[in-house]
file input_3.csv (CSV, C-alpha atoms and all ligand atoms)
chain,number,residue,atom,x,y,z
A,1,MET,CA,52.1,-43.3,54.8
A,2,ASN,CA,52.8,-40.1,52.8
A,3,TRP,CA,54.8,-37.4,54.5
A,4,VAL,CA,55.5,-33.8,53.5
A,5,LEU,CA,58.0,-31.5,55.1
A,6,HIS,CA,56.4,-28.2,56.2
A,7,PRO,CA,58.7,-25.2,56.9
A,8,PHE,CA,58.2,-25.8,60.7
A,9,ALA,CA,57.0,-29.3,61.0
A,10,LEU,CA,56.6,-32.7,59.4
A,11,LEU,CA,53.0,-33.2,58.3
A,12,ARG,CA,51.3,-36.3,56.9
A,13,LYS,CA,49.9,-35.6,53.5
A,14,GLY,CA,46.3,-35.5,54.7
A,15,GLY,CA,47.5,-32.9,57.2
A,16,ILE,CA,49.0,-30.6,54.7
A,17,ASP,CA,46.0,-31.0,52.4
A,18,LYS,CA,43.8,-29.8,55.3
A,19,LEU,CA,46.3,-27.0,55.9
A,20,SER,CA,46.1,-26.0,52.2
A,21,ARG,CA,42.3,-26.2,52.1
A,22,ALA,CA,41.9,-24.2,55.3
A,23,LYS,CA,44.1,-21.4,54.1
A,24,GLY,CA,42.6,-21.6,50.7
A,25,ARG,CA,43.9,-19.3,48.0
A,26,ASN,CA,46.2,-17.5,50.3
A,27,THR,CA,48.1,-20.6,51.5
A,28,ILE,CA,51.5,-19.3,50.6
A,29,LYS,CA,51.1,-15.7,51.7
A,30,LYS,CA,49.7,-16.5,55.1
A,31,ARG,CA,51.8,-19.5,56.0
A,32,GLY,CA,54.1,-18.5,58.9
A,33,PHE,CA,55.3,-19.3,62.4
A,34,ASN,CA,53.2,-21.4,64.6
A,35,PRO,CA,54.2,-22.2,68.3
A,36,GLY,CA,52.7,-25.7,67.9
A,37,HIS,CA,55.2,-26.4,65.2
A,38,LEU,CA,58.1,-25.3,67.4
A,39,ALA,CA,57.0,-27.6,70.2
A,40,PHE,CA,56.8,-30.5,67.7
A,41,MET,CA,60.3,-29.7,66.4
A,42,ILE,CA,61.7,-29.7,69.9
A,43,ALA,CA,60.0,-33.1,70.6
A,44,ILE,CA,61.5,-34.7,67.5
A,45,MET,CA,65.0,-33.3,68.2
A,46,ARG,CA,65.0,-35.5,71.3
A,47,LYS,CA,64.3,-38.6,69.2
A,48,PRO,CA,67.3,-39.3,66.9
A,49,ALA,CA,65.5,-41.9,64.9
A,50,ILE,CA,62.6,-39.6,64.0
A,51,LEU,CA,65.1,-36.8,63.3
A,52,LEU,CA,67.1,-39.0,60.9
A,53,CYS,CA,63.8,-40.0,59.2
A,54,THR,CA,62.9,-36.3,58.9
A,55,CYS,CA,66.2,-35.5,57.1
A,56,VAL,CA,65.9,-38.4,54.7
A,57,LEU,CA,62.3,-37.4,53.8
A,58,ALA,CA,63.4,-33.8,53.4
A,59,LEU,CA,65.9,-34.8,50.8
A,60,THR,CA,63.5,-37.0,48.8
A,61,PRO,CA,62.2,-35.2,45.7
A,62,GLY,CA,58.5,-35.4,45.5
A,63,THR,CA,55.6,-33.8,43.5
A,64,PRO,CA,53.8,-31.2,45.6
A,65,ARG,CA,50.0,-31.7,45.7
A,66,PHE,CA,47.9,-28.7,46.4
A,67,ALA,CA,44.6,-28.7,48.3
A,68,GLN,CA,43.7,-32.2,47.1
A,69,GLN,CA,40.5,-33.5,48.7
A,70,SER,CA,40.9,-36.2,51.4
A,71,VAL,CA,39.6,-39.6,50.8
A,72,GLY,CA,35.9,-39.9,51.7
A,73,GLU,CA,35.0,-36.3,50.9
A,74,SER,CA,33.4,-35.4,47.6
A,75,HIS,CA,33.3,-32.2,45.6
A,76,LYS,CA,30.6,-31.2,43.2
A,77,TRP,CA,32.1,-31.5,39.8
A,78,ALA,CA,32.0,-28.6,37.4
A,79,VAL,CA,33.2,-27.9,33.8
A,80,VAL,CA,33.5,-24.9,31.4
A,81,LEU,CA,34.5,-25.1,27.8
A,82,HIS,CA,35.1,-22.7,24.9
A,83,GLY,CA,35.2,-23.3,21.1
A,84,GLY,CA,36.9,-20.0,20.2
A,85,ALA,CA,36.1,-16.3,20.3
A,86,GLY,CA,35.8,-13.8,17.5
A,87,VAL,CA,33.3,-12.0,15.3
A,88,ILE,CA,30.3,-14.3,16.2
A,89,GLU,CA,27.2,-12.3,15.4
A,90,ARG,CA,23.6,-13.2,14.8
A,91,SER,CA,23.5,-11.3,11.5
A,92,HIS,CA,26.2,-13.5,10.1
A,93,MET,CA,24.9,-16.8,11.4
A,94,ASP,CA,22.3,-18.9,9.6
A,95,ALA,CA,20.0,-21.2,11.6
A,96,LYS,CA,21.7,-24.4,10.5
A,97,THR,CA,25.1,-23.1,11.5
A,98,GLU,CA,23.9,-21.9,14.9
A,99,ALA,CA,22.1,-25.2,15.6
A,100,ALA,CA,25.2,-27.2,14.6
A,101,TYR,CA,27.5,-25.2,17.0
A,102,ARG,CA,25.0,-25.4,19.9
A,103,ALA,CA,24.6,-29.2,19.4
A,104,ASP,CA,28.3,-29.8,19.3
A,105,LEU,CA,29.1,-27.6,22.3
A,106,GLN,CA,26.4,-29.5,24.1
A,107,THR,CA,27.9,-32.9,23.1
A,108,ALA,CA,31.4,-31.9,24.1
A,109,LEU,CA,30.1,-30.6,27.5
A,110,GLN,CA,28.3,-33.8,28.0
A,111,LYS,CA,31.5,-35.9,27.4
A,112,ALA,CA,33.3,-34.0,30.1
A,113,ALA,CA,30.2,-34.1,32.4
A,114,ASP,CA,29.9,-37.9,32.0
A,115,THR,CA,33.5,-38.4,32.8
A,116,LEU,CA,33.4,-36.3,35.9
A,117,ASP,CA,30.1,-37.8,37.1
A,118,LYS,CA,31.6,-41.3,37.0
A,119,GLY,CA,34.4,-40.0,39.2
A,120,GLY,CA,36.9,-39.5,36.4
A,121,SER,CA,39.6,-36.9,37.0
A,122,ALA,CA,39.5,-33.3,35.7
A,123,LEU,CA,42.4,-34.3,33.4
A,124,ASP,CA,40.3,-37.1,32.0
A,125,ALA,CA,37.4,-34.8,31.4
A,126,VAL,CA,39.6,-32.2,29.7
A,127,GLU,CA,41.1,-34.8,27.4
A,128,ALA,CA,37.8,-36.6,26.5
A,129,ALA,CA,35.9,-33.4,25.5
A,130,ILE,CA,38.9,-31.9,23.6
A,131,ARG,CA,39.4,-35.1,21.7
A,132,TYR,CA,35.8,-34.9,20.5
A,133,MET,CA,36.3,-31.2,19.5
A,134,GLU,CA,39.5,-32.0,17.7
A,135,ASP,CA,37.6,-34.4,15.5
A,136,ASP,CA,34.8,-31.9,14.9
A,137,PRO,CA,35.5,-29.8,11.7
A,138,LEU,CA,33.5,-26.9,13.2
A,139,PHE,CA,36.4,-26.0,15.4
A,140,ASN,CA,39.9,-24.8,14.7
A,141,ALA,CA,41.6,-27.8,16.3
A,142,GLY,CA,42.6,-31.2,14.9
A,143,ARG,CA,40.5,-31.9,11.8
A,144,GLY,CA,39.2,-28.5,10.7
A,145,ALA,CA,42.3,-26.6,11.9
A,146,VAL,CA,43.3,-23.5,10.0
A,147,PHE,CA,46.2,-23.5,7.5
A,148,THR,CA,49.6,-21.8,7.7
A,149,ALA,CA,50.7,-19.4,4.9
A,150,ALA,CA,52.6,-22.4,3.5
A,151,GLY,CA,49.4,-24.5,3.3
A,152,LYS,CA,49.9,-26.8,6.3
A,153,ASN,CA,48.0,-27.6,9.5
A,154,GLU,CA,50.4,-27.1,12.4
A,155,LEU,CA,48.7,-28.0,15.7
A,156,ASP,CA,49.4,-26.7,19.2
A,157,SER,CA,48.0,-28.1,22.5
A,158,ALA,CA,48.6,-28.0,26.2
A,159,ILE,CA,47.2,-29.6,29.4
A,160,MET,CA,47.9,-28.9,33.0
A,161,ASP,CA,47.1,-30.6,36.3
A,162,GLY,CA,46.2,-28.1,39.1
A,163,SER,CA,46.9,-30.6,41.9
A,164,ASN,CA,50.7,-30.8,41.2
A,165,LEU,CA,51.5,-28.2,38.6
A,166,LYS,CA,52.5,-30.9,36.1
A,167,ALA,CA,52.0,-29.7,32.5
A,168,GLY,CA,52.5,-31.0,29.0
A,169,ALA,CA,52.5,-29.1,25.7
A,170,VAL,CA,53.2,-29.6,22.0
A,171,ALA,CA,53.6,-27.1,19.2
A,172,GLY,CA,53.6,-27.5,15.4
A,173,VAL,CA,52.5,-31.1,15.2
A,174,THR,CA,51.3,-32.4,11.8
A,175,ARG,CA,50.7,-36.1,12.1
A,176,THR,CA,49.1,-36.8,15.6
A,177,ARG,CA,45.4,-37.1,15.4
A,178,HIS,CA,44.8,-35.9,18.9
A,179,PRO,CA,47.3,-33.2,20.0
A,180,ILE,CA,45.6,-33.0,23.5
A,181,SER,CA,46.4,-36.7,24.1
A,182,LEU,CA,50.0,-36.0,23.0
A,183,ALA,CA,50.3,-33.1,25.4
A,184,ARG,CA,49.1,-35.4,28.2
A,185,ALA,CA,51.6,-38.0,27.1
A,186,VAL,CA,54.4,-35.4,27.2
A,187,MET,CA,53.3,-34.5,30.8
A,188,GLU,CA,53.0,-38.1,32.0
A,189,LYS,CA,55.6,-40.0,30.0
A,190,SER,CA,58.5,-37.6,29.4
A,191,PRO,CA,60.7,-35.6,31.7
A,192,HIS,CA,59.8,-32.5,29.7
A,193,VAL,CA,57.0,-29.9,29.5
A,194,MET,CA,57.0,-29.1,25.8
A,195,LEU,CA,57.9,-30.9,22.6
A,196,GLU,CA,57.6,-29.4,19.1
A,197,GLY,CA,57.5,-30.3,15.5
A,198,SER,CA,58.5,-33.7,14.1
A,199,GLY,CA,60.1,-34.6,17.5
A,200,ALA,CA,56.7,-34.3,19.1
A,201,ASP,CA,55.0,-36.4,16.4
A,202,ASP,CA,57.8,-39.0,16.8
A,203,PHE,CA,57.1,-39.1,20.5
A,204,ALA,CA,53.4,-39.6,19.8
A,205,ALA,CA,54.2,-42.5,17.5
A,206,ALA,CA,56.6,-44.1,20.0
A,207,ASN,CA,53.9,-43.9,22.6
A,208,GLY,CA,51.2,-45.6,20.5
A,209,LEU,CA,49.1,-42.6,19.8
A,210,GLU,CA,47.0,-42.6,16.7
A,211,MET,CA,49.0,-41.2,13.7
A,212,VAL,CA,47.4,-39.8,10.5
A,213,ASN,CA,48.4,-38.4,7.2
A,214,PRO,CA,48.6,-34.6,7.4
A,215,SER,CA,45.7,-34.4,4.9
A,216,PHE,CA,43.4,-35.9,7.5
A,217,PHE,CA,43.1,-32.4,9.0
A,218,PHE,CA,42.1,-30.8,5.6
A,219,THR,CA,38.7,-29.1,5.2
A,220,GLU,CA,37.7,-27.1,2.1
A,221,ARG,CA,36.3,-24.3,4.2
A,222,ARG,CA,39.6,-23.7,6.0
A,223,TRP,CA,41.5,-23.9,2.8
A,224,GLN,CA,39.3,-21.3,1.1
A,225,ASN,CA,39.7,-19.1,4.2
A,226,LEU,CA,43.5,-19.3,3.7
A,227,VAL,CA,43.2,-18.5,-0.1
A,228,ASP,CA,41.0,-15.5,0.7
A,229,ASP,CA,43.4,-14.3,3.4
A,230,LEU,CA,46.5,-14.6,1.3
A,231,LYS,CA,44.8,-12.9,-1.7
A,232,GLN,CA,43.9,-10.0,0.6
A,233,GLN,CA,47.5,-9.7,1.7
A,234,GLY,CA,48.8,-10.1,-1.8
A,235,LYS,CA,50.7,-13.1,-0.9
A,236,PRO,CA,51.3,-16.3,-3.0
A,237,ILE,CA,48.8,-19.1,-2.7
A,238,PRO,CA,50.5,-22.4,-1.9
A,239,PRO,CA,49.6,-25.6,-3.8
A,240,ARG,CA,46.8,-27.7,-2.3
A,241,PRO,CA,48.2,-30.1,0.2
A,242,ALA,CA,49.2,-33.6,-0.9
A,243,GLY,CA,46.3,-36.0,-0.2
A,244,ALA,CA,43.6,-33.3,-0.1
A,245,PRO,CA,40.6,-33.8,-2.3
A,246,PRO,CA,40.9,-32.2,-5.8
A,247,GLU,CA,39.8,-28.6,-6.2
A,248,PRO,CA,36.0,-28.6,-6.3
A,249,LYS,CA,34.3,-27.2,-9.5
A,250,LYS,CA,31.9,-25.3,-7.3
A,251,LEU,CA,32.1,-24.2,-3.7
A,252,THR,CA,28.8,-25.5,-2.4
A,253,SER,CA,27.3,-24.4,0.9
A,254,ASP,CA,27.9,-27.9,2.2
A,255,LEU,CA,31.6,-27.8,1.4
A,256,MET,CA,31.8,-24.3,3.0
A,257,PHE,CA,29.7,-25.2,6.1
A,258,PRO,CA,29.5,-23.6,8.6
A,259,ILE,CA,28.6,-20.2,7.2
A,260,GLU,CA,29.8,-17.4,9.5
A,261,SER,CA,31.4,-14.0,9.5
A,262,PRO,CA,34.5,-13.7,7.4
A,263,GLU,CA,36.3,-12.7,10.6
A,264,ALA,CA,35.0,-15.6,12.7
A,265,HIS,CA,37.2,-18.1,10.9
A,266,LYS,CA,40.3,-16.5,12.5
A,267,PHE,CA,39.6,-18.3,15.8
A,268,GLY,CA,37.9,-21.5,16.9
A,269,THR,CA,40.4,-22.9,19.2
A,270,VAL,CA,39.0,-25.2,21.8
A,271,GLY,CA,39.6,-25.3,25.6
A,272,LEU,CA,38.2,-26.8,28.7
A,273,VAL,CA,38.6,-26.3,32.5
A,274,ALA,CA,37.2,-28.8,35.0
A,275,LEU,CA,36.8,-29.5,38.7
A,276,ASP,CA,36.5,-33.2,39.7
A,277,LYS,CA,34.9,-34.9,42.6
A,278,GLN,CA,38.4,-35.2,44.3
A,279,GLY,CA,38.6,-31.4,44.4
A,280,ASN,CA,41.3,-31.1,41.7
A,281,ILE,CA,41.2,-28.7,38.7
A,282,ALA,CA,42.8,-29.0,35.3
A,283,ALA,CA,43.0,-27.0,32.0
A,284,GLY,CA,43.6,-27.9,28.4
A,285,THR,CA,43.6,-26.1,25.1
A,286,SER,CA,44.0,-27.3,21.5
A,287,THR,CA,44.3,-25.2,18.3
A,288,GLY,CA,45.5,-24.9,14.7
A,289,GLY,CA,46.5,-21.3,15.6
A,290,LEU,CA,45.8,-18.4,13.3
A,291,THR,CA,45.0,-18.6,9.6
A,292,ALA,CA,48.0,-17.8,7.4
A,293,LYS,CA,50.4,-17.9,10.3
A,294,MET,CA,54.1,-18.0,9.4
A,295,TRP,CA,56.0,-21.2,9.4
A,296,GLY,CA,57.0,-22.1,12.9
A,297,ARG,CA,54.7,-19.6,14.6
A,298,VAL,CA,53.6,-20.8,18.0
A,299,GLY,CA,50.6,-19.2,19.7
A,300,ASP,CA,49.6,-18.9,23.3
A,301,SER,CA,47.6,-22.2,23.6
A,302,PRO,CA,50.6,-24.4,24.3
A,303,ILE,CA,52.5,-21.8,26.3
A,304,ILE,CA,52.0,-22.7,30.0
A,305,GLY,CA,50.8,-19.5,31.7
A,306,ALA,CA,49.7,-17.7,28.5
A,307,GLY,CA,46.8,-19.7,27.0
A,308,THR,CA,46.7,-22.6,29.5
A,309,TYR,CA,47.2,-22.8,33.3
A,310,ALA,CA,45.9,-24.7,36.3
A,311,ASP,CA,46.8,-24.5,40.0
A,312,ASN,CA,44.5,-25.8,42.8
A,313,ARG,CA,45.5,-22.9,44.9
A,314,SER,CA,43.9,-20.4,42.5
A,315,CYS,CA,42.2,-21.5,39.3
A,316,ALA,CA,42.4,-23.2,35.9
A,317,VAL,CA,42.2,-21.1,32.7
A,318,SER,CA,42.1,-21.7,29.0
A,319,GLY,CA,42.2,-18.8,26.5
A,320,THR,CA,41.4,-18.1,22.9
A,321,GLY,CA,42.2,-15.1,20.8
A,322,THR,CA,45.2,-13.5,19.1
A,323,GLY,CA,47.9,-15.5,20.9
A,324,GLU,CA,50.7,-12.9,20.6
A,325,TYR,CA,48.8,-10.7,23.1
A,326,PHE,CA,48.0,-13.6,25.5
A,327,ILE,CA,51.7,-14.5,25.5
A,328,ARG,CA,52.8,-10.9,26.3
A,329,LEU,CA,50.4,-10.7,29.2
A,330,THR,CA,50.8,-14.3,30.4
A,331,VAL,CA,47.0,-14.1,30.5
A,332,ALA,CA,46.1,-17.4,32.2
A,333,ARG,CA,48.8,-17.2,34.9
A,334,THR,CA,48.0,-13.5,35.6
A,335,ILE,CA,44.4,-14.3,36.2
A,336,CYS,CA,45.4,-17.1,38.7
A,337,ALA,CA,47.9,-14.8,40.4
A,338,LEU,CA,45.3,-12.1,40.9
A,339,VAL,CA,43.1,-14.7,42.6
A,340,GLN,CA,45.9,-16.2,44.6
A,341,TYR,CA,47.8,-13.1,45.8
A,342,LYS,CA,45.3,-10.3,45.5
A,343,GLY,CA,42.3,-12.2,46.8
A,344,MET,CA,40.1,-11.2,43.8
A,345,THR,CA,37.1,-13.3,42.9
A,346,LEU,CA,37.6,-15.4,39.8
A,347,GLN,CA,35.2,-13.2,37.8
A,348,GLU,CA,37.0,-10.0,38.9
A,349,ALA,CA,40.4,-11.4,38.0
A,350,ALA,CA,39.2,-12.6,34.6
A,351,ASP,CA,37.6,-9.3,33.8
A,352,GLU,CA,40.6,-7.3,35.0
A,353,VAL,CA,42.9,-9.2,32.6
A,354,VAL,CA,40.5,-9.6,29.6
A,355,GLN,CA,38.4,-6.4,29.7
A,356,HIS,CA,41.2,-4.1,30.8
A,357,GLN,CA,44.8,-5.3,30.4
A,358,LEU,CA,44.1,-7.3,27.1
A,359,THR,CA,41.8,-4.6,25.7
A,360,ASP,CA,44.3,-1.9,26.6
A,361,ILE,CA,47.0,-3.4,24.4
A,362,LYS,CA,44.4,-4.1,21.6
A,363,GLY,CA,44.4,-7.8,22.1
A,364,ASP,CA,41.2,-9.7,21.3
A,365,GLY,CA,39.8,-12.9,22.7
A,366,GLY,CA,38.5,-14.5,25.8
A,367,ILE,CA,39.0,-17.0,28.5
A,368,ILE,CA,37.1,-19.6,30.6
A,369,ALA,CA,38.1,-20.3,34.2
A,370,ILE,CA,37.2,-22.5,37.2
A,371,ASP,CA,38.4,-22.9,40.8
A,372,THR,CA,38.2,-25.6,43.4
A,373,LYS,CA,35.1,-24.0,44.9
A,374,GLY,CA,33.3,-24.7,41.6
A,375,ASP,CA,33.1,-21.0,40.4
A,376,MET,CA,32.8,-21.2,36.6
A,377,VAL,CA,33.4,-18.0,34.7
A,378,TRP,CA,34.1,-16.6,31.2
A,379,SER,CA,35.1,-13.2,30.0
A,380,PHE,CA,35.7,-12.0,26.4
A,381,ASN,CA,36.2,-8.7,24.6
A,382,THR,CA,35.1,-10.0,21.2
A,383,GLU,CA,31.6,-10.0,19.6
A,384,GLY,CA,31.1,-13.5,20.8
A,385,MET,CA,32.7,-16.7,22.1
A,386,TYR,CA,31.5,-20.3,21.7
A,387,ARG,CA,31.1,-21.4,25.3
A,388,ALA,CA,29.3,-23.8,27.6
A,389,ARG,CA,29.3,-24.8,31.3
A,390,ILE,CA,27.6,-27.1,33.7
A,391,SER,CA,28.0,-28.2,37.3
A,392,GLU,CA,26.8,-31.3,39.1
A,393,GLY,CA,23.0,-31.2,39.5
A,394,GLY,CA,22.8,-28.1,37.3
A,395,LYS,CA,21.5,-27.4,33.8
A,396,PRO,CA,23.9,-26.8,30.9
A,397,GLU,CA,24.4,-23.2,29.8
A,398,ILE,CA,25.4,-22.7,26.2
A,399,GLY,CA,26.3,-19.4,24.6
A,400,MET,CA,27.7,-17.9,21.4
A,401,TYR,CA,26.8,-14.2,21.3
A,402,LYS,CA,27.8,-11.3,23.6
A,403,ASP,CA,24.3,-10.6,24.8
A,404,GLU,CA,23.7,-14.1,26.1
A,405,LYS,CA,24.3,-14.7,29.8
A,501,LIG,N1,44.9,-18.4,20.6
A,501,LIG,C1,45.2,-19.1,19.3
A,501,LIG,C2,46.5,-18.8,18.8
A,501,LIG,O1,46.9,-17.6,18.8
A,501,LIG,C3,44.1,-18.9,18.3
A,501,LIG,C4,42.7,-19.0,18.8
A,501,LIG,O2,42.4,-18.9,19.9
A,501,LIG,O3,41.8,-19.3,17.9
A,501,LIG,O4,47.2,-19.6,18.3
call {"tool": "encode", "arguments": {"input": "input_3.csv", "output": "structure tokens", "more": "lines below"}}
Ligand code: ASP
result
Amino acid sequence: MNWVLHPFALLRKGGIDKLSRAKGRNTIKKRGFNPGHLAFMIAIMRKPAILLCTCVLALTPGTPRFAQQSVGESHKWAVVLHGGAGVIERSHMDAKTEAAYRADLQTALQKAADTLDKGGSALDAVEAAIRYMEDDPLFNAGRGAVFTAAGKNELDSAIMDGSNLKAGAVAGVTRTRHPISLARAVMEKSPHVMLEGSGADDFAAANGLEMVNPSFFFTERRWQNLVDDLKQQGKPIPPRPAGAPPEPKKLTSDLMFPIESPEAHKFGTVGLVALDKQGNIAAGTSTGGLTAKMWGRVGDSPIIGAGTYADNRSCAVSGTGTGEYFIRLTVARTICALVQYKGMTLQEAADEVVQHQLTDIKGDGGIIAIDTKGDMVWSFNTEGMYRARISEGGKPEIGMYKDEK
């Protein structure tokens, strides 16, 4: 049997789960003195064996679990994803590009939905869909990631489990095919929350994750984006990466696909938040960061609380945009805190942070969020955000532009 020590009483795990659920998002704020608890304490004081047991359990370190669903009950699953925010406008988008984005957002959403429908965990859904998007050159994550000013792909990713606040993150990896799976491995197989650089890649190899040559992540479009960006800034163009295909004679539309606004290429990070049938939420984000970023630059995506956060007591959030602003405002955690401590709805909290706080400091981008009730929201202050959502029994909603629902 699983016991948890409450400030005033010893509760079985199912009991504390019920307590958490009943008190909902204000669990911590409202938890207080209860005469029933005092009576229980007096009763166990009289029984030395139970008292001893209480003390032993109180000293045993454990992982808290928040508002997890009891066995037998079932939540309706729900999932929201993004594929980056930015200057995404109809006037810059041709029909082929638009169709490709909509199709791939739909496929990624379906991967998460299938996982959740079969009873898979929110973490499994996050990982499955993001792995697909990391392999998809349309998005700035994994293959198709943007380049640093030095001409490398340095990948960041994070994942967080809202049921116990466990989290894993990696920054600046160059050889691990699926940074989201590496972030999960850091969470589940290391005592740490974040690993960076070659140490993170070594950890991936040691744990049997798929390793690739860094040129695996190369795409001509992202390379040309870098060249244009550096030219504009008057900075030197690095040599083409080792293992990349030779410089093409002509930049055909196929090589440069998808065709979109020159500003749109700046973003394209992918993220996913999910609620599973057990009532748990999780968040994950994966990115190549910003085009022409300096060596060693780390964005918000792998910073727990900035670009990624999940807590069953409030919400799960994944962000996309100029990471420096998201870090300064701890965007993801601030949204969850507004829900948890101020009692705002998820949409109010998301809009407060994205439309006001972020906009006020001239930060650009957006977020997706979900809670254990199945509320699914997004908010962005850019021209568009690649996004999709679905809940059990519902129809998928896919959007790109500002004027779509
Ligand atoms: N937030 C990411 C970063 O700053 C970029 C993005 O969302 O596209 O690294």
call {"tool": "residues_around", "arguments": {"input": "input_3.csv", "residues": "Ala169 (chain A)", "least_positions_apart": "3", "cutoff": "10 Å", "atoms": "all atoms listed in the file", "output": "tab-separated table (two decimals) with C-alpha atoms, in the coordinates of the input"}}
result
chain	number	residue	atom	x	y	z
A	156	ASP	CA	49.40	-26.70	19.20
A	157	SER	CA	48.00	-28.10	22.50
A	158	ALA	CA	48.60	-28.00	26.20
A	159	ILE	CA	47.20	-29.60	29.40
A	160	MET	CA	47.90	-28.90	33.00
A	179	PRO	CA	47.30	-33.20	20.00
A	180	ILE	CA	45.60	-33.00	23.50
A	181	SER	CA	46.40	-36.70	24.10
A	182	LEU	CA	50.00	-36.00	23.00
A	183	ALA	CA	50.30	-33.10	25.40
A	184	ARG	CA	49.10	-35.40	28.20
A	185	ALA	CA	51.60	-38.00	27.10
A	186	VAL	CA	54.40	-35.40	27.20
A	187	MET	CA	53.30	-34.50	30.80
A	192	HIS	CA	59.80	-32.50	29.70
A	193	VAL	CA	57.00	-29.90	29.50
A	194	MET	CA	57.00	-29.10	25.80
A	195	LEU	CA	57.90	-30.90	22.60
A	196	GLU	CA	57.60	-29.40	19.10
A	200	ALA	CA	56.70	-34.30	19.10
A	284	GLY	CA	43.60	-27.90	28.40
A	285	THR	CA	43.60	-26.10	25.10
A	286	SER	CA	44.00	-27.30	21.50
A	301	SER	CA	47.60	-22.20	23.60
A	302	PRO	CA	50.60	-24.40	24.30
A	303	ILE	CA	52.50	-21.80	26.30
A	304	ILE	CA	52.00	-22.70	30.00
A	308	THR	CA	46.70	-22.60	29.50
call {"tool": "atom_distance", "arguments": {"input": "input_3.csv", "atom1": "CA of Val298 (chain A)", "atom2": "CA of Ile327 (chain A)"}}
result
10.0 Å
call {"tool": "residues_around", "arguments": {"input": "input_3.csv", "residues": "Ile390 (chain A)", "least_positions_apart": "2", "cutoff": "7 Å", "atoms": "only C-alpha atoms", "output": "number ranges by chain"}}
result
A: 78-80, 392, 394-397
call {"tool": "write_last_selection", "arguments": {"input": "input_3.csv", "atoms": "C-alpha atoms", "output": "PDB file, in the frame of the given file"}}
result
ATOM      1  CA  ALA A  78      32.000 -28.600  37.400  1.00  0.00           C
ATOM      2  CA  VAL A  79      33.200 -27.900  33.800  1.00  0.00           C
ATOM      3  CA  VAL A  80      33.500 -24.900  31.400  1.00  0.00           C
ATOM      4  CA  GLU A 392      26.800 -31.300  39.100  1.00  0.00           C
ATOM      5  CA  GLY A 394      22.800 -28.100  37.300  1.00  0.00           C
ATOM      6  CA  LYS A 395      21.500 -27.400  33.800  1.00  0.00           C
ATOM      7  CA  PRO A 396      23.900 -26.800  30.900  1.00  0.00           C
ATOM      8  CA  GLU A 397      24.400 -23.200  29.800  1.00  0.00           C
TER       9      GLU A 397
END
call {"tool": "residues_near_ligand", "arguments": {"input": "input_3.csv", "ligand": "ligand LIG 501 (chain A)", "cutoff": "6 Å", "atoms": "only C-alpha atoms and all ligand atoms", "output": "PyMOL selection string"}}
result
chain A and resi 84+267-269+289-290+299-301+320-323
call {"tool": "residues_near_point", "arguments": {"input": "input_3.csv", "point": "(45.0, -8.2, 24.5)", "cutoff": "12 Å", "atoms": "all atoms listed in the file", "output": "MDAnalysis selection string"}}
result
chainID A and resid 300 306:307 319:331 351:367 380:382
call {"tool": "residues_around", "arguments": {"input": "input_3.csv", "residues": "Met344 (chain A)", "least_positions_apart": "6", "cutoff": "12 Å", "atoms": "all atoms listed in the file", "output": "PDB file with C-alpha atoms, in the coordinates of the input"}}
result
ATOM      1  CA  ARG A  25      43.900 -19.300  48.000  1.00  0.00           C
ATOM      2  CA  ASN A  26      46.200 -17.500  50.300  1.00  0.00           C
ATOM      3  CA  SER A 314      43.900 -20.400  42.500  1.00  0.00           C
ATOM      4  CA  CYS A 315      42.200 -21.500  39.300  1.00  0.00           C
ATOM      5  CA  THR A 334      48.000 -13.500  35.600  1.00  0.00           C
ATOM      6  CA  ILE A 335      44.400 -14.300  36.200  1.00  0.00           C
ATOM      7  CA  CYS A 336      45.400 -17.100  38.700  1.00  0.00           C
ATOM      8  CA  ALA A 337      47.900 -14.800  40.400  1.00  0.00           C
ATOM      9  CA  LEU A 338      45.300 -12.100  40.900  1.00  0.00           C
ATOM     10  CA  ALA A 350      39.200 -12.600  34.600  1.00  0.00           C
ATOM     11  CA  ASP A 351      37.600  -9.300  33.800  1.00  0.00           C
ATOM     12  CA  GLU A 352      40.600  -7.300  35.000  1.00  0.00           C
ATOM     13  CA  VAL A 353      42.900  -9.200  32.600  1.00  0.00           C
TER      14      VAL A 353
END
call {"tool": "atom_distance", "arguments": {"input": "input_3.csv", "atom1": "CA of Thr174 (chain A)", "atom2": "CA of Arg102 (chain A)"}}
result
28.4 Å
call {"tool": "residues_around", "arguments": {"input": "input_3.csv", "residues": "Arg177 (chain A)", "least_positions_apart": "2", "cutoff": "12 Å", "atoms": "all atoms listed in the file", "output": "ChimeraX atom specification"}}
result
/A:130-136,141-145,153-157,173-175,179-183,201,204-205,208-217,286
